[in-house]
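S.K.: Once you've had a glance at the structure underneath, I'll fire off some questions.
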Amino acid sequence: MVSKYAELIVCLFIWSSALAGPFKYVSAMVGFPVYLVPKALLLLLIIRSFVLLRANLILWLIAAGIGFSCYVGLIHHLAPAQVAFGFWALLPFFFGLLFPEAVFSERVRRGMYATFAICVIGEITSYFTVFPWSGMSLDVGGVSTMAAREWSAGSARRLAGFSTSSIDLSLMLGICGILFMFRSSQFLTRLILLCVVAALIFATTMKTALLAFVLACLPLLISSRFLRTGAAVTGLVFLVLGTVIPFYLDTNVFGISQIVRLGSRFETVRERFVVTWPAVVDYLHHGGAGLWGMGLGSLGSATAVGANRFDYASVDNVYLYVLGTAGLLGFTILFIFAKRICSEGFGSGSGENREVFSLPLIVFFAIYGFTQPLVEASVSALFFAAVLVHRRRRIRIVTRIKTSAPHPDCLAG
């Protein structure tokens with residue numbers, strides 16, 4: 001049973017992520033990392049559950065897997081601080097695995113309306129002005145972090161709103177849009193929501209996010225078994241391609257560089273194929289990644305702490321990130337991910353349950369994960385992990401049988 005305090009802390013964490021830019025700006029002004037407080041509260045909730053022995057066997061197994069991945073990082077000669085930072089970076093993902101009920105609670109889902117309002121106001125405002133925290137960096141414990149990334153795609157600015165980057169903003173907009181469309185029963189309302197959110201994501205210049213959102217929401221717009229199956233197949237295709245292609249590129253970079261000829265607007269996509277993914281696979285190979293990967297802290301933002309800095313540590317692919325970090329454990333996560341896609345997209349009666357917006361979220365993450373390490377993006381990490389392990393509620397139909405009062409003759413006899 002998840003307490004209302006846990007749900008409120010999850011809401012606070014999501015709102016602080018939507019307002020990450022101002023939070024980090026205030027932190028720099030007061031000399032205290034205020035923006036880390038909501039995330040620290042998530043950690044306290046995890047510790048409290050285990051200290052009070054309220055964790056079940058599944059939670060202990062997940063915790064054991066996390067601990068083992070930390071151990072793998074240490075035996076690969078990663079600094080303890082780097083491993084700890086790797087755990088900290090993935091903390092929202094771990095929280096989502098451990099407490100999916102809190103993430104999908106009604107209070108959190110209502111709180112997403114405030115999140116959407118923050119995102120919209122921030123994006124519109126950032127279109128007309130540049131915030132003082134844009135491009136600003138601050139140091140916390142010797143680690144430099146960006147308050148808000150200021151970058152562009154050609155001549156177009158990548159709008160981040162009040163969040164840290166356009167990536168985070170597009171993810172939050174996509175999650176909110178899927179939730180709102182799911183809760184609406186009118187076709188016209190869903191269509192308007194689809195168009196509005198798609199336009200907002202388009203303004204962030206995150207092309208993969210736009211594609212992921214539109215494809216994921218088609219089954220919500222038009223209730224059709226064919227569209228649900230098509231969305232599930234699309235998610236599986238991106239999952240398989242995102243897992244296989246980076247390792248194929250490591251042996252065939254030249255061939256791909258000739259095949260992938262895209263316009264200037266898609267130059268970042270081409271760079272992933274030709275530069276980033278082959279570099280990550282080569283890094284894992286020379287780092288001695290075995291069956292269990294290289295452990296927590298080996299990829300992502302944690303590499304900024306260790307001595308072995310890596311220019312392409314962001315990976316830009318959630319599948320490569322998970323496999324490179326956790327090896328067989330990561331493969332297990334991807335297998336569960338694929339199984340969830342199949343059960344939601346092909347399972348009987350999957351369209352009847354309106355408690356969890358599982359399939360659209362899963363497809364959205366499967367497609368967007370092709371170009372982004374979702375497990376390190378705060379809000380998406382929560383929902384991505386939660387949707388992997390959350391089981392839909394079974395709706396019990398209770399038939400009440402009214403019994404009439406016994407006949408007087410029965411009483412007499």
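Residues are named by chain letter and number: chains run A, B, ... in the order of the structure tokens, numbers start at 1 in each chain, and ligands are numbered from 1 in the order shown.
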Please identify every residue of range 185-247 of chain A that has at least one atom no farther than 7 Å from an atom of range 363-373 of chain A, counting only C-alpha atoms, and for each give the shortest atom pair and the distance in Å to one decimal, arranged by chain then increasing number, as a tab-separated table.
M.R.:
```
residue	atom	partner	partner_atom	distance
A:Thr208	CA	A:Tyr368	CA	5.8
A:Ala209	CA	A:Tyr368	CA	5.7
A:Ala212	CA	A:Phe364	CA	4.9
A:Phe213	CA	A:Phe364	CA	5.8
A:Ala216	CA	A:Phe364	CA	5.4
A:Ala231	CA	A:Val363	CA	6.6
A:Ala232	CA	A:Val363	CA	6.6
A:Gly235	CA	A:Val363	CA	4.8
A:Phe238	CA	A:Ile367	CA	5.6
A:Leu239	CA	A:Ala366	CA	5.8
A:Gly242	CA	A:Phe370	CA	5.1
```
S.K.: Skip Gly287 in chain A itself and residues of its chain fewer than 4 positions away, then list as a ChimeraX atom specification all residues within 8 Å of it, counting only C-alpha atoms.
M.R.: /A:76,283,294
S.K.: At a cut-off of 7 Å, using only C-alpha atoms, what residues contact Ser378 in chain A? Leave out same-chain residues fewer than 4 positions from it and give the result as a ChimeraX atom specification.
M.R.: /A:17,92,382
S.K.: Residues at most 12 Å from Ala6 in chain A, counting only C-alpha atoms, excluding those fewer than 3 positions away in the same chain, as a list in words?
M.R.: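 Listing them by chain and then by number gives Met1, Val2, Ser3, Ile9, Val10, Cys11, Leu12, Phe13, Pro38, Leu41, Leu42, Leu43, Leu44, Leu45, Ile46, Arg48, Ser49, Phe95, Gly96, Phe99, Pro100, Glu101, Ala102, Val103, Phe104, Ser105, Arg107 and Val108 of chain A.
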S.K.: Leaving out range 187-191 of chain A and any residue of its chain fewer than 4 positions from it, which residues lie within 7 Å of it when counting only C-alpha atoms, given as a PDB file with C-alpha atoms, in the first residue's frame?
M.R.:
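As written to disk, selection.pdb reads:
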```pdb
ATOM      1  CA  MET A 181      -6.054  11.450 -24.393  1.00  0.00           C
ATOM      2  CA  CYS A 195      -2.825  18.160 -32.556  1.00  0.00           C
ATOM      3  CA  LEU A 221      -7.630   8.359 -31.325  1.00  0.00           C
TER       4      LEU A 221
END
```
S.K.: Please report as a Markdown table every residue of range 198-293 of chain A lying within 12 Å of range 313-321 of chain A, along with the nearest atom pair and their distance in Å (one decimal), using only C-alpha atoms.
M.R.:
```
| residue | atom | partner | partner_atom | distance |
| --- | --- | --- | --- | --- |
| A:Thr208 | CA | A:Asp316 | CA | 11.7 |
| A:Phe238 | CA | A:Tyr319 | CA | 10.0 |
| A:Leu239 | CA | A:Tyr319 | CA | 7.5 |
| A:Val240 | CA | A:Tyr319 | CA | 9.0 |
| A:Leu241 | CA | A:Tyr319 | CA | 9.4 |
| A:Gly242 | CA | A:Tyr319 | CA | 6.1 |
| A:Thr243 | CA | A:Tyr319 | CA | 5.3 |
| A:Val244 | CA | A:Leu320 | CA | 8.8 |
| A:Ile245 | CA | A:Leu320 | CA | 9.5 |
| A:Pro246 | CA | A:Leu320 | CA | 7.2 |
| A:Phe247 | CA | A:Leu320 | CA | 8.7 |
| A:Tyr248 | CA | A:Leu320 | CA | 11.9 |
| A:Thr268 | CA | A:Asp316 | CA | 10.2 |
| A:Val269 | CA | A:Asp316 | CA | 9.6 |
| A:Arg270 | CA | A:Asp316 | CA | 11.9 |
| A:Glu271 | CA | A:Asp316 | CA | 10.3 |
| A:Arg272 | CA | A:Asp316 | CA | 7.3 |
| A:Phe273 | CA | A:Asp316 | CA | 10.2 |
| A:Val275 | CA | A:Val315 | CA | 10.5 |
| A:Thr276 | CA | A:Val315 | CA | 6.7 |
| A:Trp277 | CA | A:Val315 | CA | 6.7 |
| A:Pro278 | CA | A:Val315 | CA | 9.9 |
| A:Ala279 | CA | A:Val315 | CA | 9.0 |
| A:Val280 | CA | A:Val315 | CA | 6.5 |
| A:Val281 | CA | A:Leu320 | CA | 8.2 |
| A:Asp282 | CA | A:Ala313 | CA | 11.8 |
| A:Tyr283 | CA | A:Ala313 | CA | 9.3 |
| A:Leu284 | CA | A:Leu320 | CA | 10.1 |
| A:Gly293 | CA | A:Tyr321 | CA | 9.8 |
```
S.K.: Keeping only N, CA and C atoms, write the selected residues to a file as a JSON list (two decimals), in the first residue's frame.
M.R.:
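Written file, part28.json:
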```
[["chain", "number", "residue", "atom", "x", "y", "z"],
["A", 208, "THR", "N", 12.15, 12.65, -33.24],
["A", 208, "THR", "CA", 11.82, 11.29, -32.82],
["A", 208, "THR", "C", 10.68, 11.30, -31.82],
["A", 238, "PHE", "N", 11.17, -1.07, -33.33],
["A", 238, "PHE", "CA", 12.14, -0.10, -32.82],
["A", 238, "PHE", "C", 12.98, -0.71, -31.70],
["A", 239, "LEU", "N", 12.37, -1.55, -30.88],
["A", 239, "LEU", "CA", 13.13, -2.21, -29.81],
["A", 239, "LEU", "C", 14.21, -3.11, -30.39],
["A", 240, "VAL", "N", 13.85, -3.91, -31.38],
["A", 240, "VAL", "CA", 14.82, -4.83, -31.99],
["A", 240, "VAL", "C", 15.90, -4.07, -32.74],
["A", 241, "LEU", "N", 15.49, -3.08, -33.55],
["A", 241, "LEU", "CA", 16.47, -2.31, -34.31],
["A", 241, "LEU", "C", 17.39, -1.52, -33.38],
["A", 242, "GLY", "N", 16.82, -0.94, -32.33],
["A", 242, "GLY", "CA", 17.63, -0.18, -31.38],
["A", 242, "GLY", "C", 18.63, -1.03, -30.65],
["A", 243, "THR", "N", 18.32, -2.32, -30.50],
["A", 243, "THR", "CA", 19.24, -3.24, -29.82],
["A", 243, "THR", "C", 20.31, -3.77, -30.76],
["A", 244, "VAL", "N", 19.92, -4.06, -31.99],
["A", 244, "VAL", "CA", 20.83, -4.75, -32.92],
["A", 244, "VAL", "C", 21.71, -3.79, -33.70],
["A", 245, "ILE", "N", 21.14, -2.69, -34.18],
["A", 245, "ILE", "CA", 21.87, -1.81, -35.09],
["A", 245, "ILE", "C", 23.19, -1.29, -34.52],
["A", 246, "PRO", "N", 23.25, -0.81, -33.26],
["A", 246, "PRO", "CA", 24.54, -0.29, -32.76],
["A", 246, "PRO", "C", 25.67, -1.32, -32.83],
["A", 247, "PHE", "N", 25.37, -2.59, -32.56],
["A", 247, "PHE", "CA", 26.42, -3.61, -32.62],
["A", 247, "PHE", "C", 26.78, -3.96, -34.06],
["A", 248, "TYR", "N", 25.80, -3.85, -34.96],
["A", 248, "TYR", "CA", 26.10, -4.06, -36.38],
["A", 248, "TYR", "C", 26.97, -2.93, -36.92],
["A", 268, "THR", "N", 21.82, 15.01, -36.76],
["A", 268, "THR", "CA", 22.07, 14.37, -35.47],
["A", 268, "THR", "C", 21.74, 12.88, -35.50],
["A", 269, "VAL", "N", 20.73, 12.50, -36.30],
["A", 269, "VAL", "CA", 20.40, 11.09, -36.44],
["A", 269, "VAL", "C", 21.54, 10.36, -37.15],
["A", 270, "ARG", "N", 22.04, 10.95, -38.21],
["A", 270, "ARG", "CA", 23.14, 10.35, -38.95],
["A", 270, "ARG", "C", 24.39, 10.23, -38.07],
["A", 271, "GLU", "N", 24.63, 11.23, -37.24],
["A", 271, "GLU", "CA", 25.80, 11.20, -36.35],
["A", 271, "GLU", "C", 25.72, 10.03, -35.38],
["A", 272, "ARG", "N", 24.53, 9.69, -34.93],
["A", 272, "ARG", "CA", 24.38, 8.54, -34.05],
["A", 272, "ARG", "C", 24.80, 7.26, -34.77],
["A", 273, "PHE", "N", 24.37, 7.11, -36.01],
["A", 273, "PHE", "CA", 24.69, 5.92, -36.78],
["A", 273, "PHE", "C", 26.19, 5.81, -37.06],
["A", 275, "VAL", "N", 28.87, 7.84, -35.81],
["A", 275, "VAL", "CA", 29.88, 8.19, -34.81],
["A", 275, "VAL", "C", 29.55, 7.64, -33.42],
["A", 276, "THR", "N", 28.41, 8.07, -32.87],
["A", 276, "THR", "CA", 28.13, 7.83, -31.45],
["A", 276, "THR", "C", 28.02, 6.34, -31.11],
["A", 277, "TRP", "N", 27.13, 5.62, -31.75],
["A", 277, "TRP", "CA", 26.90, 4.22, -31.40],
["A", 277, "TRP", "C", 28.12, 3.34, -31.63],
["A", 278, "PRO", "N", 28.84, 3.47, -32.77],
["A", 278, "PRO", "CA", 30.07, 2.68, -32.91],
["A", 278, "PRO", "C", 31.10, 3.01, -31.84],
["A", 279, "ALA", "N", 31.17, 4.29, -31.45],
["A", 279, "ALA", "CA", 32.14, 4.68, -30.41],
["A", 279, "ALA", "C", 31.78, 4.06, -29.07],
["A", 280, "VAL", "N", 30.49, 3.98, -28.75],
["A", 280, "VAL", "CA", 30.07, 3.38, -27.48],
["A", 280, "VAL", "C", 30.38, 1.89, -27.46],
["A", 281, "VAL", "N", 30.07, 1.19, -28.54],
["A", 281, "VAL", "CA", 30.35, -0.25, -28.61],
["A", 281, "VAL", "C", 31.85, -0.50, -28.50],
["A", 282, "ASP", "N", 32.65, 0.33, -29.14],
["A", 282, "ASP", "CA", 34.10, 0.19, -29.04],
["A", 282, "ASP", "C", 34.58, 0.44, -27.62],
["A", 283, "TYR", "N", 33.98, 1.42, -26.96],
["A", 283, "TYR", "CA", 34.32, 1.74, -25.57],
["A", 283, "TYR", "C", 34.01, 0.56, -24.64],
["A", 284, "LEU", "N", 32.85, -0.06, -24.85],
["A", 284, "LEU", "CA", 32.48, -1.21, -24.04],
["A", 284, "LEU", "C", 33.41, -2.40, -24.30],
["A", 293, "GLY", "N", 27.86, -6.66, -18.33],
["A", 293, "GLY", "CA", 28.09, -5.28, -18.68],
["A", 293, "GLY", "C", 29.27, -4.69, -17.93]]
```
S.K.: If I take CA of Pro132 in chain A and CA of Thr145 in chain A, how far is one from the other in Å, to one decimal?
M.R.: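 Taking CA of Pro132 in chain A as the start and CA of Thr145 in chain A as the end point, the length is 15.5 Å.
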S.K.: Excluding same-chain residues fewer than 3 positions from Met206 in chain A, what lies within 10 Å of it counting only C-alpha atoms, as number ranges by chain?
M.R.: A: 153, 158-159, 166-167, 169-171, 201-203, 209-211, 368
S.K.: From the list A:Phe94, A:Phe68, A:Phe85, A:Tyr35, which residue is nearest Val143 in chain A when using only C-alpha atoms?
M.R.: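 When distances to Val143 in chain A are compared using only C-alpha atoms, the smallest one comes from A:Phe85.
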S.K.: Range 46-195 of chain A: which residues are alpha helix (DSSP H) by DSSP, as number ranges by chain?
M.R.: A: 46-51, 57-75, 80-89, 91-98, 100-103, 106-128, 166-183, 187-195
